[in-house]
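Enquirer: What follows is protein.cif; its format and atoms are mmCIF, C-alpha atoms.
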data_work
loop_
_atom_site.label_atom_id
_atom_site.label_comp_id
_atom_site.auth_asym_id
_atom_site.auth_seq_id
_atom_site.Cartn_x
_atom_site.Cartn_y
_atom_site.Cartn_z
CA MET A 1 85.86 102.82 111.18
CA HIS A 2 88.00 105.61 112.62
CA PRO A 3 91.46 104.82 111.27
CA ARG A 4 94.29 106.56 113.13
CA SER A 5 96.42 106.54 110.02
CA ALA A 6 95.98 106.73 106.28
CA ILE A 7 97.84 106.06 103.04
CA VAL A 8 96.89 108.41 100.21
CA LEU A 9 98.00 107.07 96.83
CA PHE A 10 98.50 109.89 94.33
CA ALA A 11 98.39 109.24 90.59
CA HIS A 12 98.46 111.56 87.59
CA GLY A 13 94.93 110.92 86.29
CA ALA A 14 93.69 110.78 82.68
CA ARG A 15 90.54 111.42 80.69
CA ASP A 16 89.91 107.70 80.16
CA PRO A 17 88.27 106.15 83.28
CA GLU A 18 89.95 102.78 82.55
CA TRP A 19 93.32 104.45 83.11
CA ALA A 20 92.78 104.30 86.88
CA GLU A 21 92.36 100.51 87.04
CA PRO A 22 95.96 99.49 87.88
CA PHE A 23 95.97 102.12 90.63
CA ARG A 24 92.72 100.76 92.06
CA ARG A 25 94.29 97.29 92.06
CA ILE A 26 97.28 98.66 94.02
CA GLN A 27 94.83 100.38 96.41
CA ASP A 28 92.92 97.11 96.99
CA ARG A 29 96.15 95.17 97.54
CA VAL A 30 97.47 97.71 100.08
CA ALA A 31 94.09 97.90 101.87
CA ALA A 32 94.05 94.07 102.19
CA GLU A 33 97.59 94.15 103.63
CA ARG A 34 96.81 97.00 106.09
CA PRO A 35 93.22 96.59 107.35
CA ALA A 36 93.60 99.18 110.15
CA VAL A 37 94.78 101.91 107.75
CA ALA A 38 92.50 104.02 105.50
CA VAL A 39 93.84 103.61 101.94
CA LEU A 40 92.66 106.31 99.52
CA LEU A 41 93.41 106.99 95.88
CA SER A 42 93.72 110.59 94.60
CA PHE A 43 94.68 112.32 91.37
CA LEU A 44 96.61 115.35 90.12
CA GLU A 45 94.28 116.04 87.20
CA PHE A 46 91.30 114.79 85.16
CA MET A 47 90.04 112.49 87.95
CA GLN A 48 88.55 112.89 91.42
CA PRO A 49 89.23 113.11 94.33
CA SER A 50 92.12 115.57 94.34
CA LEU A 51 95.02 114.99 96.77
CA ALA A 52 93.65 117.82 98.97
CA ASN A 53 90.17 116.23 99.11
CA ALA A 54 91.50 112.76 99.89
CA VAL A 55 93.71 114.10 102.71
CA GLU A 56 90.77 116.12 104.07
CA GLN A 57 88.62 112.98 104.03
CA ALA A 58 91.32 111.00 105.89
CA VAL A 59 91.72 113.76 108.52
CA HIS A 60 87.95 113.95 109.06
CA ALA A 61 87.81 110.17 109.46
CA GLY A 62 90.32 110.53 112.31
CA ALA A 63 93.74 109.96 110.72
CA ARG A 64 96.56 111.75 112.57
CA ASP A 65 99.30 110.23 110.47
CA ILE A 66 99.18 110.21 106.67
CA THR A 67 101.63 108.93 104.05
CA VAL A 68 101.19 110.40 100.56
CA VAL A 69 102.60 107.97 97.96
CA PRO A 70 103.06 109.44 94.46
CA LEU A 71 102.50 106.66 91.91
CA PHE A 72 104.55 108.40 89.23
CA MET A 73 107.26 106.48 87.39
CA ALA A 74 109.76 109.33 87.52
CA GLN A 75 110.55 112.72 89.05
CA GLY A 76 109.51 115.35 86.52
CA GLY A 77 107.84 118.73 86.78
CA HIS A 78 104.83 117.37 88.68
CA LEU A 79 106.82 115.73 91.45
CA LYS A 80 109.51 118.39 91.65
CA HIS A 81 107.29 121.47 91.60
CA ASP A 82 103.57 120.71 92.00
CA VAL A 83 103.88 118.12 94.79
CA PRO A 84 106.10 120.10 97.23
CA HIS A 85 103.68 123.02 96.84
CA LEU A 86 100.64 120.75 97.47
CA MET A 87 102.37 119.19 100.50
CA ALA A 88 103.13 122.61 102.04
CA GLU A 89 99.47 123.60 101.63
CA LEU A 90 98.23 120.33 103.18
CA ARG A 91 100.56 120.69 106.19
CA HIS A 92 99.44 124.28 106.66
CA ARG A 93 95.75 123.29 106.51
CA HIS A 94 96.12 120.26 108.83
CA PRO A 95 98.72 121.26 111.45
CA ALA A 96 97.71 118.47 113.89
CA THR A 97 98.34 115.73 111.30
CA ALA A 98 101.77 114.31 110.39
CA ILE A 99 101.85 114.22 106.58
CA ARG A 100 104.78 112.30 105.09
CA LEU A 101 105.73 112.14 101.37
CA ALA A 102 107.10 108.90 99.92
CA PRO A 103 109.58 108.97 96.99
CA ALA A 104 108.62 108.22 93.35
CA ILE A 105 108.34 104.65 92.06
CA GLY A 106 111.40 105.21 89.87
CA ASP A 107 113.55 105.66 93.00
CA VAL A 108 112.75 102.17 94.30
CA ALA A 109 115.37 99.60 93.21
CA GLU A 110 113.08 96.57 93.80
CA ILE A 111 110.40 97.96 91.48
CA LEU A 112 112.87 98.84 88.70
CA GLU A 113 114.28 95.32 89.08
CA GLU A 114 110.81 93.75 88.74
CA ILE A 115 110.11 95.89 85.65
CA ALA A 116 113.45 94.86 84.07
CA ARG A 117 112.68 91.17 84.73
CA TRP A 118 109.29 91.56 83.07
CA VAL A 119 110.84 93.31 80.02
CA CYS A 120 113.19 90.34 79.60
CA ARG A 121 110.27 87.89 79.84
CA GLU A 122 108.39 89.84 77.13
CA HIS A 123 111.19 89.37 74.58
CA PRO A 124 111.78 85.87 73.18
CA ARG A 125 115.40 84.63 73.48
CA MET B 1 127.78 94.19 67.08
CA HIS B 2 124.99 93.14 64.70
CA PRO B 3 122.17 92.09 67.03
CA ARG B 4 119.50 89.96 65.40
CA SER B 5 116.91 91.20 67.83
CA ALA B 6 116.13 94.35 69.78
CA ILE B 7 114.06 95.59 72.71
CA VAL B 8 112.86 99.18 72.33
CA LEU B 9 111.70 100.63 75.64
CA PHE B 10 109.17 103.40 75.11
CA ALA B 11 108.54 106.05 77.80
CA HIS B 12 106.48 109.22 77.82
CA GLY B 13 109.32 111.75 78.11
CA ALA B 14 109.41 115.07 80.00
CA ARG B 15 111.10 118.46 79.82
CA ASP B 16 113.38 117.68 82.78
CA PRO B 17 116.37 115.51 81.65
CA GLU B 18 116.51 113.84 85.11
CA TRP B 19 113.07 112.36 84.44
CA ALA B 20 114.62 109.72 82.17
CA GLU B 21 116.95 108.29 84.85
CA PRO B 22 114.78 105.40 86.12
CA PHE B 23 114.17 104.38 82.51
CA ARG B 24 117.92 104.38 81.79
CA ARG B 25 118.40 102.20 84.87
CA ILE B 26 115.83 99.73 83.50
CA GLN B 27 117.58 99.86 80.11
CA ASP B 28 120.98 99.09 81.71
CA ARG B 29 119.52 96.23 83.75
CA VAL B 30 117.83 94.65 80.69
CA ALA B 31 120.98 95.10 78.56
CA ALA B 32 123.06 93.33 81.25
CA GLU B 33 120.55 90.46 81.32
CA ARG B 34 120.40 90.15 77.50
CA PRO B 35 123.89 90.86 76.08
CA ALA B 36 123.01 89.59 72.57
CA VAL B 37 120.00 91.89 72.23
CA ALA B 38 120.14 95.62 71.33
CA VAL B 39 118.29 97.46 74.10
CA LEU B 40 117.19 101.00 73.16
CA LEU B 41 115.22 103.66 75.01
CA SER B 42 112.78 105.93 73.11
CA PHE B 43 110.21 108.60 73.96
CA LEU B 44 106.75 109.78 72.93
CA GLU B 45 107.48 113.47 73.49
CA PHE B 46 109.98 116.04 74.83
CA MET B 47 112.95 113.62 74.59
CA GLN B 48 114.95 111.91 71.84
CA PRO B 49 115.07 109.44 70.13
CA SER B 50 111.46 108.93 69.06
CA LEU B 51 110.07 105.39 68.86
CA ALA B 52 110.35 105.55 65.03
CA ASN B 53 114.03 106.60 65.20
CA ALA B 54 114.94 103.93 67.75
CA VAL B 55 113.24 101.19 65.67
CA GLU B 56 114.99 102.48 62.53
CA GLN B 57 118.31 102.34 64.34
CA ALA B 58 117.64 98.76 65.50
CA VAL B 59 116.65 97.66 61.96
CA HIS B 60 119.77 99.27 60.47
CA ALA B 61 121.93 97.50 63.05
CA GLY B 62 120.47 94.20 61.78
CA ALA B 63 117.54 93.43 64.09
CA ARG B 64 114.85 91.31 62.42
CA ASP B 65 112.81 90.89 65.58
CA ILE B 66 111.85 93.82 67.80
CA THR B 67 109.79 94.05 70.99
CA VAL B 68 108.43 97.51 71.81
CA VAL B 69 107.81 97.79 75.57
CA PRO B 70 105.72 100.80 76.65
CA LEU B 71 106.90 101.90 80.11
CA PHE B 72 103.60 103.60 80.95
CA MET B 73 101.88 102.83 84.24
CA ALA B 74 98.43 102.57 82.69
CA GLN B 75 96.47 102.40 79.46
CA GLY B 76 95.26 105.90 78.65
CA GLY B 77 94.95 107.93 75.46
CA HIS B 78 98.64 107.49 74.56
CA LEU B 79 98.64 103.71 74.70
CA LYS B 80 95.14 103.24 73.31
CA HIS B 81 95.35 105.67 70.39
CA ASP B 82 98.87 106.96 69.70
CA VAL B 83 100.73 103.65 70.10
CA PRO B 84 98.57 101.46 67.77
CA HIS B 85 98.94 104.16 65.11
CA LEU B 86 102.74 104.32 65.63
CA MET B 87 102.96 100.50 65.51
CA ALA B 88 101.03 100.34 62.22
CA GLU B 89 103.40 102.92 60.70
CA LEU B 90 106.48 101.05 61.90
CA ARG B 91 105.25 97.72 60.51
CA HIS B 92 104.46 99.39 57.19
CA ARG B 93 107.91 100.98 57.04
CA HIS B 94 109.80 97.80 58.07
CA PRO B 95 107.91 94.89 56.48
CA ALA B 96 110.83 92.43 56.88
CA THR B 97 111.00 92.97 60.65
CA ALA B 98 108.68 91.34 63.20
CA ILE B 99 107.60 94.16 65.54
CA ARG B 100 105.79 93.02 68.69
CA LEU B 101 104.08 95.28 71.27
CA ALA B 102 104.22 94.38 74.97
CA PRO B 103 101.34 95.36 77.33
CA ALA B 104 101.52 98.31 79.77
CA ILE B 105 103.23 97.99 83.16
CA GLY B 106 99.84 98.29 84.89
CA ASP B 107 98.73 95.01 83.28
CA VAL B 108 101.52 93.03 84.95
CA ALA B 109 100.42 91.48 88.26
CA GLU B 110 103.98 90.97 89.58
CA ILE B 111 104.82 94.66 89.15
CA LEU B 112 101.58 95.88 90.82
CA GLU B 113 102.34 93.43 93.65
CA GLU B 114 105.88 94.83 94.08
CA ILE B 115 104.49 98.40 94.09
CA ALA B 116 101.85 97.47 96.72
CA ARG B 117 104.56 95.86 98.92
CA TRP B 118 106.65 99.03 98.67
CA VAL B 119 103.65 101.25 99.55
CA CYS B 120 103.15 99.16 102.72
CA ARG B 121 106.84 99.50 103.63
CA GLU B 122 106.63 103.30 103.24
CA HIS B 123 103.87 103.61 105.86
CA PRO B 124 104.78 102.96 109.52
CA ARG B 125 102.57 100.39 111.28
#
Do you think you could lay out the structure here as structure tokens?
Expert:
Amino acid sequence: MHPRSAIVLFAHGARDPEWAEPFRRIQDRVAAERPAVAVLLSFLEFMQPSLANAVEQAVHAGARDITVVPLFMAQGGHLKHDVPHLMAELRHRHPATAIRLAPAIGDVAEILEEIARWVCREHPR
Amino acid sequence: MHPRSAIVLFAHGARDPEWAEPFRRIQDRVAAERPAVAVLLSFLEFMQPSLANAVEQAVHAGARDITVVPLFMAQGGHLKHDVPHLMAELRHRHPATAIRLAPAIGDVAEILEEIARWVCREHPR
């Protein structure tokens, strides 16, 4: 497959390999929904591949259009400082590829709404 | 108000005060949905109150039934090791209060589904 576009999910990473499972489930779900798009999962620390390696892999596979989606609940030091720096580097290294950055999960009203509904379900009336 | 039950949301915390905003939005949404329940937000590190302080506050306000909801994307070291230890301490300190622990966000199919739908919306076809 030579996908013309790619989605690179970007999660924090952790020492425990099980930590990545929900992110792999999101990756599978997105890949099923978008069969013509390469859907990769990458990590900031502790796990591989890095964001840079995943983007490189997507570019080599033929992607000319990449969306990086940070799967972080909220905008903290990582998203505010590390990610803009990483994005600048990626754009510099791959000038022929359009690399877009999605917002954080915590900026998406529908997701916060779904989380709030679940919290209510978890607590008996 | 003397709520008989409480929901204590539990997030990681960060140095940047803005980081807590999505969690406060979830707190507000849950509080609006459950006006008879005390809805508190607590943190593992960097931010106040701690989980122990928030539970103490709920117990002192009259709650006899508390659900602790960890707002962590996935089960890593914090949820697997720190939280069971914190829960055991809380139950020991408040024997007359039923303290329940909800699973992590990443274990909830509806939330992963909503995140996957959003990822697809973020990437142009």
Enquirer: Pull out every residue that the PyMOL selection byres ((chain B and resi 29) around 12) matches in the shown coordinates and put them as a PyMOL selection string.
Expert: (chain A and resi 109-110+112-120) or (chain B and resi 22-28+30-35+39-40)
Enquirer: Once the PyMOL selection byres ((chain A and resi 13) around 9) has been applied to the shown file, what residues remain in the selection, as a ChimeraX atom specification?
Expert: /A:10-12,14-17,19-20,42-48
Enquirer: Kindly provide, as lines of an AutoDock Vina configuration file, the centre and edge lengths (Å, one decimal) of an axis-aligned box around all atoms of region 87-100 of chain A given in the file, with 6 Å on each side.
Expert:
center_x = 100.3
center_y = 118.3
center_z = 107.2
size_x = 21.0
size_y = 24.0
size_z = 25.4
Enquirer: Given the file shown, enumerate the residues that the PyMOL selection byres ((chain B and resi 106) around 9) captures and present them as a ChimeraX atom specification.
Expert: /A:21-23 /B:72-75,103-105,107-109,111-112
Enquirer: How would the residues just chosen look if you wrote them out with C-alpha atoms as a PDB file, keeping the file's coordinate frame?
Expert:
ATOM      1  CA  GLU A  21      92.360 100.510  87.040  1.00  0.00           C
ATOM      2  CA  PRO A  22      95.960  99.490  87.880  1.00  0.00           C
ATOM      3  CA  PHE A  23      95.970 102.120  90.630  1.00  0.00           C
TER       4      PHE A  23
ATOM      5  CA  PHE B  72     103.600 103.600  80.950  1.00  0.00           C
ATOM      6  CA  MET B  73     101.880 102.830  84.240  1.00  0.00           C
ATOM      7  CA  ALA B  74      98.430 102.570  82.690  1.00  0.00           C
ATOM      8  CA  GLN B  75      96.470 102.400  79.460  1.00  0.00           C
ATOM      9  CA  PRO B 103     101.340  95.360  77.330  1.00  0.00           C
ATOM     10  CA  ALA B 104     101.520  98.310  79.770  1.00  0.00           C
ATOM     11  CA  ILE B 105     103.230  97.990  83.160  1.00  0.00           C
ATOM     12  CA  ASP B 107      98.730  95.010  83.280  1.00  0.00           C
ATOM     13  CA  VAL B 108     101.520  93.030  84.950  1.00  0.00           C
ATOM     14  CA  ALA B 109     100.420  91.480  88.260  1.00  0.00           C
ATOM     15  CA  ILE B 111     104.820  94.660  89.150  1.00  0.00           C
ATOM     16  CA  LEU B 112     101.580  95.880  90.820  1.00  0.00           C
TER      17      LEU B 112
END
Enquirer: Which residue, A:Met87, A:Leu51, A:Ala61, A:Ala6, has the smallest gap to Val37 (chain A) when you use only C-alpha atoms?
Expert: A:Ala6
Enquirer: What's the separation between CA of Ala63 (chain A) and CA of Val8 (chain A), in Å to one decimal place?
Expert: 11.1 Å
Enquirer: Between CA of His123 (chain A) and CA of Ile66 (chain B), what is the distance in Å, rounded to a tenth?
Expert: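 Taking CA of His123 (chain A) as the start and CA of Ile66 (chain B) as the end point, the length is 8.1 Å.
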Enquirer: In Å to one decimal, how far is CA of Asp65 (chain A) from CA of Leu41 (chain A)?
Expert: 16.1 Å
Enquirer: Nearest residue to Thr67 (chain B) out of B:Leu90, B:Leu9, B:Ala96, B:Ala54, using only C-alpha atoms?
Expert: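 Among B:Leu90, B:Leu9, B:Ala96, B:Ala54, it is B:Leu9 that comes nearest to Thr67 (chain B).
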Enquirer: Write out as a list in words each polymer residue whose atoms come within 8 Å of Gly62 (chain A), counting all atoms listed in the file; drop sequence neighbours fewer than 4 positions from it.
Expert: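 Non-adjacent residues within range: His2, Pro3, Arg4, Ser5 and Ala58 of chain A.
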Enquirer: With all atoms listed in the file as the basis for distance, which of B:Pro124, B:Pro84, B:Pro49, B:Pro95 is at the shortest distance from chain A?
Expert: B:Pro124
Enquirer: Calculated over all atoms listed in the file, which of the candidates A:His78, A:His85, A:Arg91, A:His60 has the smallest distance to chain B?
Expert: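 Once distances to chain B are computed over all atoms listed in the file, the minimum belongs to A:His78.
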Enquirer: So, with only C-alpha atoms as the atoms that count, which of B:Leu71, B:Ala88, B:Arg64, B:Asp82 lies closest to chain A?
Expert: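 Nearest candidate to chain A out of B:Leu71, B:Ala88, B:Arg64, B:Asp82: B:Leu71.
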Enquirer: Between A:Glu122, A:Ser50, A:His81, A:Glu89, which is the closest to Val68 (chain B) once you count only C-alpha atoms?
Expert: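 The closest residue to Val68 (chain B) is A:Glu122.
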Enquirer: Can I get region 59-70 of chain A with all heavy atoms filled in, as a short mmCIF file (atom, residue, chain, number, x, y, z; two decimals), in the frame of the given file?
Expert:
data_model
loop_
_atom_site.label_atom_id
_atom_site.label_comp_id
_atom_site.auth_asym_id
_atom_site.auth_seq_id
_atom_site.Cartn_x
_atom_site.Cartn_y
_atom_site.Cartn_z
N VAL A 59 91.63 113.00 107.25
CA VAL A 59 91.72 113.76 108.52
C VAL A 59 90.36 113.73 109.22
O VAL A 59 90.28 113.48 110.43
CB VAL A 59 92.20 115.21 108.27
CG1 VAL A 59 92.05 116.06 109.53
CG2 VAL A 59 93.64 115.22 107.77
N HIS A 60 89.29 113.96 108.45
CA HIS A 60 87.95 113.95 109.06
C HIS A 60 87.57 112.58 109.60
O HIS A 60 86.81 112.47 110.56
CB HIS A 60 86.90 114.46 108.06
CG HIS A 60 86.97 115.95 107.89
ND1 HIS A 60 86.25 116.64 106.95
CD2 HIS A 60 87.69 116.88 108.57
CE1 HIS A 60 86.54 117.92 107.06
NE2 HIS A 60 87.41 118.09 108.03
N ALA A 61 88.09 111.53 108.98
CA ALA A 61 87.81 110.17 109.46
C ALA A 61 88.61 109.85 110.72
O ALA A 61 88.39 108.82 111.35
CB ALA A 61 88.12 109.15 108.37
N GLY A 62 89.58 110.73 111.08
CA GLY A 62 90.32 110.53 112.31
C GLY A 62 91.82 110.27 112.15
O GLY A 62 92.53 110.08 113.14
N ALA A 63 92.32 110.26 110.92
CA ALA A 63 93.74 109.96 110.72
C ALA A 63 94.61 111.11 111.25
O ALA A 63 94.35 112.28 110.97
CB ALA A 63 94.03 109.74 109.23
N ARG A 64 95.64 110.75 112.02
CA ARG A 64 96.56 111.75 112.57
C ARG A 64 97.94 111.58 111.96
O ARG A 64 98.88 112.30 112.30
CB ARG A 64 96.64 111.60 114.10
CG ARG A 64 95.38 112.07 114.83
CD ARG A 64 95.24 113.59 114.73
NE ARG A 64 93.91 114.06 115.05
CZ ARG A 64 92.93 114.27 114.16
NH1 ARG A 64 93.12 114.03 112.87
NH2 ARG A 64 91.76 114.73 114.52
N ASP A 65 98.03 110.65 111.04
CA ASP A 65 99.30 110.23 110.47
C ASP A 65 99.01 109.77 109.04
O ASP A 65 98.29 108.79 108.84
CB ASP A 65 99.76 109.04 111.34
CG ASP A 65 101.16 108.62 111.07
OD1 ASP A 65 101.41 108.12 109.97
OD2 ASP A 65 101.99 108.81 111.98
N ILE A 66 99.52 110.51 108.06
CA ILE A 66 99.18 110.21 106.67
C ILE A 66 100.46 110.08 105.84
O ILE A 66 101.36 110.92 105.95
CB ILE A 66 98.29 111.32 106.07
CG1 ILE A 66 96.95 111.40 106.85
CG2 ILE A 66 98.03 111.10 104.58
CD1 ILE A 66 96.04 112.54 106.41
N THR A 67 100.53 109.04 105.02
CA THR A 67 101.63 108.93 104.05
C THR A 67 101.05 109.15 102.65
O THR A 67 100.14 108.43 102.23
CB THR A 67 102.32 107.55 104.09
OG1 THR A 67 102.75 107.30 105.43
CG2 THR A 67 103.53 107.52 103.17
N VAL A 68 101.57 110.15 101.95
CA VAL A 68 101.19 110.40 100.56
C VAL A 68 102.20 109.66 99.68
O VAL A 68 103.41 109.85 99.81
CB VAL A 68 101.21 111.92 100.24
CG1 VAL A 68 100.97 112.17 98.75
CG2 VAL A 68 100.17 112.66 101.09
N VAL A 69 101.70 108.77 98.81
CA VAL A 69 102.60 107.97 97.96
C VAL A 69 102.34 108.30 96.49
O VAL A 69 101.33 107.90 95.92
CB VAL A 69 102.38 106.46 98.18
CG1 VAL A 69 103.39 105.66 97.36
CG2 VAL A 69 102.49 106.11 99.67
N PRO A 70 103.26 109.07 95.87
CA PRO A 70 103.06 109.44 94.46
C PRO A 70 103.34 108.24 93.56
O PRO A 70 104.45 107.71 93.54
CB PRO A 70 104.09 110.54 94.21
CG PRO A 70 104.88 110.70 95.47
CD PRO A 70 104.53 109.60 96.41
#
